[in-house]
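Engineer: Following this line is data-v6.cif, made up of mmCIF, C-alpha atoms:
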data_structure
#
loop_
_atom_site.label_atom_id
_atom_site.label_comp_id
_atom_site.auth_asym_id
_atom_site.auth_seq_id
_atom_site.Cartn_x
_atom_site.Cartn_y
_atom_site.Cartn_z
CA MET X 2 -21.76 10.36 -14.60
CA LEU X 3 -19.19 7.82 -13.41
CA LEU X 4 -16.78 10.59 -12.38
CA HIS X 5 -19.59 12.55 -10.74
CA ASP X 6 -20.87 9.52 -8.82
CA THR X 7 -17.35 8.50 -7.78
CA ALA X 8 -16.62 12.02 -6.53
CA LEU X 9 -19.83 11.99 -4.44
CA ILE X 10 -19.01 8.65 -2.81
CA TYR X 11 -15.36 9.59 -2.35
CA GLY X 12 -16.24 12.90 -0.71
CA ARG X 13 -18.70 11.25 1.65
CA TYR X 14 -16.21 8.71 2.96
CA LEU X 15 -13.26 11.10 2.99
CA ARG X 16 -15.21 13.46 5.25
CA GLN X 17 -15.83 10.53 7.58
CA SER X 18 -12.10 9.82 7.70
CA LEU X 19 -11.22 13.46 8.33
CA ARG X 20 -13.59 13.55 11.29
CA SER X 21 -11.63 10.68 12.85
CA ARG X 22 -8.13 12.19 13.00
CA PHE X 23 -7.09 9.85 15.79
CA ALA X 24 -7.77 6.82 13.57
CA LEU X 25 -5.70 8.38 10.77
CA LEU X 26 -2.68 8.66 13.04
CA PHE X 27 -3.26 5.37 14.85
CA GLY X 28 -3.23 3.46 11.56
CA VAL X 29 0.44 4.27 11.00
CA LEU X 30 1.44 3.28 14.55
CA THR X 31 2.49 -0.33 13.83
CA PRO X 32 4.85 0.53 10.93
CA LEU X 33 6.29 3.35 13.04
CA LEU X 34 7.01 0.91 15.86
CA TYR X 35 8.80 -1.37 13.41
CA LEU X 36 10.73 1.64 12.17
CA LEU X 37 11.75 2.79 15.65
CA PHE X 38 12.48 -0.54 17.32
CA PHE X 39 13.37 -2.89 14.43
CA GLY X 40 15.13 -0.54 12.03
CA PRO X 41 18.16 0.21 14.28
CA LEU X 42 18.82 -3.53 14.62
CA LEU X 43 19.51 -3.73 10.87
CA THR X 44 21.99 -0.86 10.72
CA ASN X 45 25.28 -1.96 9.12
CA LEU X 46 24.02 -5.52 8.61
CA PRO X 47 24.56 -7.07 5.13
CA LEU X 48 21.04 -7.54 3.77
CA GLY X 49 21.95 -8.92 0.37
CA GLY X 50 20.74 -5.97 -1.67
CA GLN X 51 21.66 -2.52 -2.85
CA GLY X 52 21.53 0.47 -0.57
CA SER X 53 21.37 0.88 3.19
CA SER X 54 19.28 -1.05 5.68
CA TRP X 55 16.78 1.84 5.72
CA GLN X 56 16.38 1.57 1.95
CA MET X 57 15.52 -2.11 2.46
CA LEU X 58 13.23 -1.73 5.47
CA VAL X 59 11.15 1.35 4.62
CA PRO X 60 9.76 0.02 1.30
CA GLY X 61 8.69 -3.14 3.12
CA LEU X 62 6.95 -1.09 5.80
CA LEU X 63 5.15 0.93 3.12
CA MET X 64 3.82 -2.26 1.57
CA GLN X 65 2.92 -3.58 5.02
CA LEU X 66 0.88 -0.44 5.64
CA GLY X 67 -1.12 -0.96 2.45
CA LEU X 68 -1.34 -4.74 2.83
CA PHE X 69 -2.79 -4.94 6.33
CA GLY X 70 -4.84 -1.76 6.17
CA ALA X 71 -6.54 -2.48 2.86
CA LEU X 72 -7.22 -6.15 3.55
CA PHE X 73 -9.28 -5.25 6.61
CA ALA X 74 -11.19 -2.48 4.82
CA GLY X 75 -14.10 -4.86 4.28
CA PHE X 76 -15.12 -4.52 7.92
CA THR X 77 -16.68 -1.15 7.05
CA ILE X 78 -18.92 -2.81 4.44
CA ILE X 79 -20.05 -5.39 6.99
CA ILE X 80 -20.97 -2.61 9.42
CA GLU X 81 -22.77 -0.61 6.73
CA SER X 82 -24.66 -3.69 5.58
CA GLY X 83 -25.91 -4.23 9.11
CA GLN X 84 -27.04 -0.60 9.30
CA GLY X 85 -28.79 -0.73 5.91
CA VAL X 86 -26.43 1.80 4.27
CA VAL X 87 -25.50 -0.50 1.40
CA GLU X 88 -29.15 -1.29 0.69
CA ARG X 89 -30.06 2.40 0.56
CA MET X 90 -27.20 3.09 -1.84
CA ARG X 91 -28.24 0.19 -4.07
CA VAL X 92 -31.66 1.64 -4.76
CA THR X 93 -30.12 4.84 -6.13
CA PRO X 94 -29.05 5.15 -9.80
CA VAL X 95 -25.40 5.50 -8.75
CA SER X 96 -23.00 3.38 -10.80
CA ARG X 97 -21.93 0.17 -9.04
CA LEU X 98 -18.37 0.88 -10.16
CA ALA X 99 -18.62 4.30 -8.50
CA LEU X 100 -19.80 2.68 -5.27
CA LEU X 101 -16.54 0.75 -5.26
CA LEU X 102 -14.18 3.41 -6.61
CA GLY X 103 -15.35 6.10 -4.19
CA ARG X 104 -14.57 3.81 -1.28
CA VAL X 105 -11.23 2.44 -2.46
CA LEU X 106 -9.96 5.88 -3.50
CA ARG X 107 -10.71 7.09 0.01
CA GLU X 108 -8.70 4.13 1.35
CA ALA X 109 -5.84 4.96 -1.01
CA THR X 110 -5.85 8.62 0.08
CA VAL X 111 -5.71 7.66 3.76
CA PHE X 112 -2.89 5.15 3.34
CA VAL X 113 -0.79 7.39 1.10
CA PHE X 114 -1.13 10.10 3.76
CA GLN X 115 0.02 7.62 6.39
CA ALA X 116 2.86 6.55 4.09
CA VAL X 117 4.01 10.18 3.91
CA LEU X 118 4.15 10.32 7.71
CA LEU X 119 6.11 7.07 7.79
CA VAL X 120 8.66 8.27 5.24
CA LEU X 121 9.11 11.59 7.06
CA ALA X 122 9.87 9.67 10.25
CA ALA X 123 12.28 7.42 8.35
CA LEU X 124 14.09 10.44 6.88
CA ALA X 125 14.56 11.79 10.38
CA MET X 126 16.07 8.45 11.43
CA GLY X 127 18.57 8.24 8.58
CA LEU X 128 16.79 7.16 5.40
CA ARG X 129 18.32 8.61 2.25
CA ALA X 130 16.44 8.04 -0.99
CA PRO X 131 15.85 10.01 -4.21
CA LEU X 132 12.62 12.02 -4.38
CA ALA X 133 11.54 10.16 -7.52
CA GLY X 134 11.96 6.84 -5.72
CA ILE X 135 9.92 8.05 -2.76
CA LEU X 136 7.10 9.21 -5.05
CA ILE X 137 7.16 5.86 -6.88
CA GLY X 138 6.77 4.18 -3.51
CA PHE X 139 3.67 6.24 -2.77
CA ALA X 140 2.23 5.25 -6.16
CA PHE X 141 2.72 1.57 -5.35
CA VAL X 142 1.04 2.05 -1.97
CA GLY X 143 -1.93 3.62 -3.73
CA LEU X 144 -2.24 0.82 -6.29
CA LEU X 145 -1.84 -1.88 -3.64
CA THR X 146 -4.52 -0.24 -1.50
CA VAL X 147 -6.99 0.05 -4.37
CA SER X 148 -6.52 -3.58 -5.37
CA LEU X 149 -6.64 -5.14 -1.90
CA ALA X 150 -9.48 -2.93 -0.66
CA SER X 151 -11.53 -3.92 -3.73
CA LEU X 152 -10.97 -7.61 -2.98
CA SER X 153 -11.68 -7.05 0.70
CA TYR X 154 -15.02 -5.40 -0.09
CA ALA X 155 -15.93 -8.23 -2.47
CA VAL X 156 -15.21 -10.83 0.21
CA ALA X 157 -17.07 -8.85 2.89
CA LEU X 158 -20.17 -8.65 0.70
CA ARG X 159 -20.12 -12.44 0.48
CA VAL X 160 -19.47 -13.46 4.08
CA ARG X 161 -21.38 -10.56 5.71
CA THR X 162 -20.31 -11.29 9.33
CA PRO X 163 -17.16 -10.22 11.20
CA GLN X 164 -16.80 -13.72 12.65
CA GLN X 165 -16.30 -15.13 9.15
CA PHE X 166 -14.41 -12.21 7.68
CA GLY X 167 -11.70 -11.74 10.34
CA PRO X 168 -10.22 -15.27 10.35
CA LEU X 169 -10.34 -15.42 6.55
CA ILE X 170 -8.36 -12.19 6.17
CA ASN X 171 -5.87 -13.26 8.85
CA ALA X 172 -5.31 -16.50 6.95
CA VAL X 173 -4.40 -14.47 3.86
CA SER X 174 -2.44 -11.60 5.43
CA MET X 175 0.13 -13.56 7.44
CA PRO X 176 1.45 -15.77 4.59
CA SER X 177 1.41 -12.69 2.34
CA MET X 178 3.61 -10.78 4.77
CA LEU X 179 6.04 -13.65 5.37
CA LEU X 180 6.46 -14.59 1.70
CA SER X 181 6.68 -11.04 0.35
CA GLY X 182 9.93 -10.18 2.09
CA LEU X 183 8.46 -7.14 3.79
CA MET X 184 10.89 -7.10 6.69
CA LEU X 185 13.96 -8.62 5.01
CA PRO X 186 14.77 -9.36 1.34
CA MET X 187 13.85 -12.88 0.27
CA SER X 188 17.34 -13.20 -1.20
CA LEU X 189 18.41 -13.99 2.38
CA ALA X 190 16.00 -16.95 2.53
CA PRO X 191 16.82 -20.60 1.74
CA GLY X 192 16.45 -21.50 -1.91
CA TRP X 193 13.12 -23.31 -1.51
CA LEU X 194 11.58 -20.38 0.38
CA ASP X 195 12.89 -17.86 -2.12
CA ALA X 196 11.41 -19.92 -4.97
CA LEU X 197 8.06 -20.18 -3.17
CA SER X 198 7.96 -16.43 -2.62
CA HIS X 199 7.94 -15.84 -6.40
CA PHE X 200 4.33 -17.09 -6.41
CA MET X 201 3.38 -14.23 -4.07
CA PRO X 202 2.55 -11.16 -6.21
CA PHE X 203 3.30 -8.68 -3.42
CA ARG X 204 6.99 -9.64 -3.53
CA TYR X 205 7.32 -7.98 -6.93
CA LEU X 206 5.93 -4.72 -5.57
CA VAL X 207 8.32 -4.75 -2.62
CA ASP X 208 11.31 -5.46 -4.87
CA ALA X 209 10.28 -2.65 -7.24
CA VAL X 210 9.99 -0.08 -4.46
CA ARG X 211 13.35 -1.13 -3.03
CA ASP X 212 14.94 -0.57 -6.41
CA ALA X 213 13.25 2.82 -6.65
CA TYR X 214 14.64 3.81 -3.25
CA VAL X 215 18.20 3.26 -4.48
CA GLY X 216 17.54 5.11 -7.74
CA SER X 217 17.23 2.08 -10.05
CA TYR X 218 14.21 2.73 -12.25
CA THR X 219 14.85 0.53 -15.29
CA THR X 220 15.46 -2.84 -13.67
CA ALA X 221 13.55 -6.07 -14.21
CA HIS X 222 12.19 -5.75 -10.67
CA MET X 223 10.65 -2.40 -11.58
CA LEU X 224 9.09 -3.76 -14.76
CA TYR X 225 7.62 -6.80 -13.01
CA GLY X 226 6.41 -4.65 -10.12
CA VAL X 227 4.56 -2.23 -12.39
CA LEU X 228 2.98 -5.03 -14.44
CA VAL X 229 1.87 -6.97 -11.36
CA ALA X 230 0.52 -3.85 -9.63
CA LEU X 231 -1.50 -2.75 -12.66
CA GLY X 232 -2.75 -6.26 -13.43
CA LEU X 233 -3.77 -6.86 -9.83
CA THR X 234 -5.57 -3.51 -9.70
CA VAL X 235 -7.59 -4.17 -12.85
CA LEU X 236 -8.50 -7.68 -11.71
CA ALA X 237 -9.43 -6.58 -8.20
CA VAL X 238 -11.57 -3.64 -9.33
CA THR X 239 -13.42 -5.97 -11.72
CA VAL X 240 -14.06 -8.49 -8.95
CA GLY X 241 -15.07 -5.76 -6.51
CA THR X 242 -17.53 -4.21 -8.95
CA ARG X 243 -19.12 -7.59 -9.56
CA GLY X 244 -19.37 -8.00 -5.82
CA PHE X 245 -21.48 -4.83 -5.54
CA ARG X 246 -23.64 -5.95 -8.45
CA GLY X 247 -24.01 -9.43 -6.99
CA ALA X 248 -25.13 -7.94 -3.68
CA GLU X 249 -28.33 -6.87 -5.44
CA ALA X 250 -29.50 -10.44 -5.75
#
Now that the file is in, can you turn its structure into structure tokens?

Structural biologist:
Amino acid sequence: MLLHDTALIYGRYLRQSLRSRFALLFGVLTPLLYLLFFGPLLTNLPLGGQGSSWQMLVPGLLMQLGLFGALFAGFTIIIESGQGVVERMRVTPVSRLALLLGRVLREATVFVFQAVLLVLAALAMGLRAPLAGILIGFAFVGLLTVSLASLSYAVALRVRTPQQFGPLINAVSMPSMLLSGLMLPMSLAPGWLDALSHFMPFRYLVDAVRDAYVGSYTTAHMLYGVLVALGLTVLAVTVGTRGFRGAEA
């Protein structure tokens, strides 16, 4: 029943996304602009890591795509709550976990699709990376999206208004981007900033994808990245499910 319910919710929201093709393409616009206008500035610069500047930049842009997109996913719950959609779903026997999974899997599908577009553009501009590394990057985007979208939904079910939700997410997203080394490796940062960034879980995902893009699959970065991604996903899905259950009160 969980799989059946999840498939129903997933199909409903995926059809909504497919009807809005412009939004699908527009969502990848910001990373593409970074790729087109920021990427060439890094060419031939020593970035303190393995591989080319493209192998440093593109993994960060992939994580940026998942980070910003998934964190703001909760706006849809706020809109649906105002329209009574969440209430109507709550009175059905559908699993509360399915109500969450159907939504976050739709988010993951959308952002992985956008990640594919981003990587294709990067390949045209000069990125060279092994296929296995590129696929690993997509997997990390999917896990990051599932975890952050779950947390975003849980927060949105609590605050319930865009005026509260927007500033709260902005307060989380900006430090997360700056301390994760999305644009440049944190190895270039001063010692105190590099040490502080180790408390930001997204850094481990970025470092893991960068290693994958240069063909290093057995490094400590990869191990830490996988463990953090899986742990964050389990924790976030648990919190998100409780958020849907708590909304019944």

Engineer: Which value, in Å to one decimal, gives the distance between atom CA of X:Ile79 and atom CA of X:Leu30?

Structural biologist: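 These atoms are spaced 24.4 Å apart.
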
Engineer: Which is closer to X:Thr162 than all the others in X:Arg204, X:Val113, X:His199, X:Ile78, using all atoms listed in the file?

Structural biologist: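 Of all the options, X:Ile78 lies closest to X:Thr162.
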
Engineer: Which of these, X:Gly83, X:Gly127, X:Gly216, X:Gly182, has the shortest distance to X:Leu36 once you count only C-alpha atoms?

Structural biologist: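 For X:Leu36, the nearest of the candidates is X:Gly127.
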
Engineer: What residues come out when you apply the PyMOL selection byres ((chain X and resi 188-195) around 12) to this file, written as a list in words?

Structural biologist: Leu46, Pro47, Leu48, Gly49, Gly50, Gln51, Met57, Pro176, Leu179, Leu180, Ser181, Gly182, Leu183, Met184, Leu185, Pro186, Met187, Ala196, Leu197, Ser198, His199, Phe200, Met201, Arg204 and Asp208 of chain X

Engineer: Which residue, X:Ile80, X:Val173, X:Leu42, X:Leu206, has the smallest gap to X:Ser54 when you use only C-alpha atoms?

Structural biologist: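 Nearest to X:Ser54: X:Leu42.
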
Engineer: As AutoDock Vina command-line options, please: the centre and edge lengths in Å, to one decimal, of an axis-aligned box enclosing every listed atom of stretch 110-117 of chain X with 6 Å added on each side.

Structural biologist:
--center_x -0.9 --center_y 7.7 --center_z 3.2 --size_x 21.9 --size_y 17.0 --size_z 18.3

Engineer: For the point (-9.7, -7.4, -3.0) in file coordinates, what residues are within 8 Å, counting only C-alpha atoms? Give the answer as a list in words?

Structural biologist: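 The requested residues, written out, are Leu72, Ser148, Leu149, Ala150, Ser151, Leu152, Ser153, Tyr154, Ala155, Val156, Ala237, Val238, Val240 and Gly241 of chain X.
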
Engineer: Atom CA of X:Ile10 to atom CA of X:Leu102: how many Å, to one decimal?

Structural biologist: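 Straight-line distance from atom CA of X:Ile10 to atom CA of X:Leu102 works out to 8.1 Å.
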
Engineer: Counting only C-alpha atoms, which residue out of X:Gly70, X:Pro94, X:Gly226, X:Gly85 sits closest to X:Thr31?

Structural biologist: X:Gly70

Engineer: Using only C-alpha atoms, which residue out of X:Tyr14, X:Thr44, X:Ala109, X:Val235 lies closest to X:Leu68?

Structural biologist: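 Smallest distance to X:Leu68 is found for X:Ala109.
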
Engineer: What lies within 9 Å of X:Val227 using only C-alpha atoms, ignoring chain neighbours under 3 positions off, as an NGL selection string?

Structural biologist: :X and (141 or 205-206 or 209 or 222-224 or 230-232)

Engineer: Go ahead and dump the residues you just picked, C-alpha atoms, as a PDB file, in the frame of the given file.

Structural biologist:
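New file out.pdb:
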ATOM      1  CA  PHE X 141       2.720   1.570  -5.350  1.00  0.00           C
ATOM      2  CA  TYR X 205       7.320  -7.980  -6.930  1.00  0.00           C
ATOM      3  CA  LEU X 206       5.930  -4.720  -5.570  1.00  0.00           C
ATOM      4  CA  ALA X 209      10.280  -2.650  -7.240  1.00  0.00           C
ATOM      5  CA  HIS X 222      12.190  -5.750 -10.670  1.00  0.00           C
ATOM      6  CA  MET X 223      10.650  -2.400 -11.580  1.00  0.00           C
ATOM      7  CA  LEU X 224       9.090  -3.760 -14.760  1.00  0.00           C
ATOM      8  CA  ALA X 230       0.520  -3.850  -9.630  1.00  0.00           C
ATOM      9  CA  LEU X 231      -1.500  -2.750 -12.660  1.00  0.00           C
ATOM     10  CA  GLY X 232      -2.750  -6.260 -13.430  1.00  0.00           C
TER      11      GLY X 232
END

Engineer: Given the choices X:Asn171, X:Thr110, X:Gln164, X:Ser53, which gets closest to X:Leu128 if the distance is worked out from all atoms listed in the file?

Structural biologist: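 Using all atoms listed in the file, the shortest distance to X:Leu128 belongs to X:Ser53.
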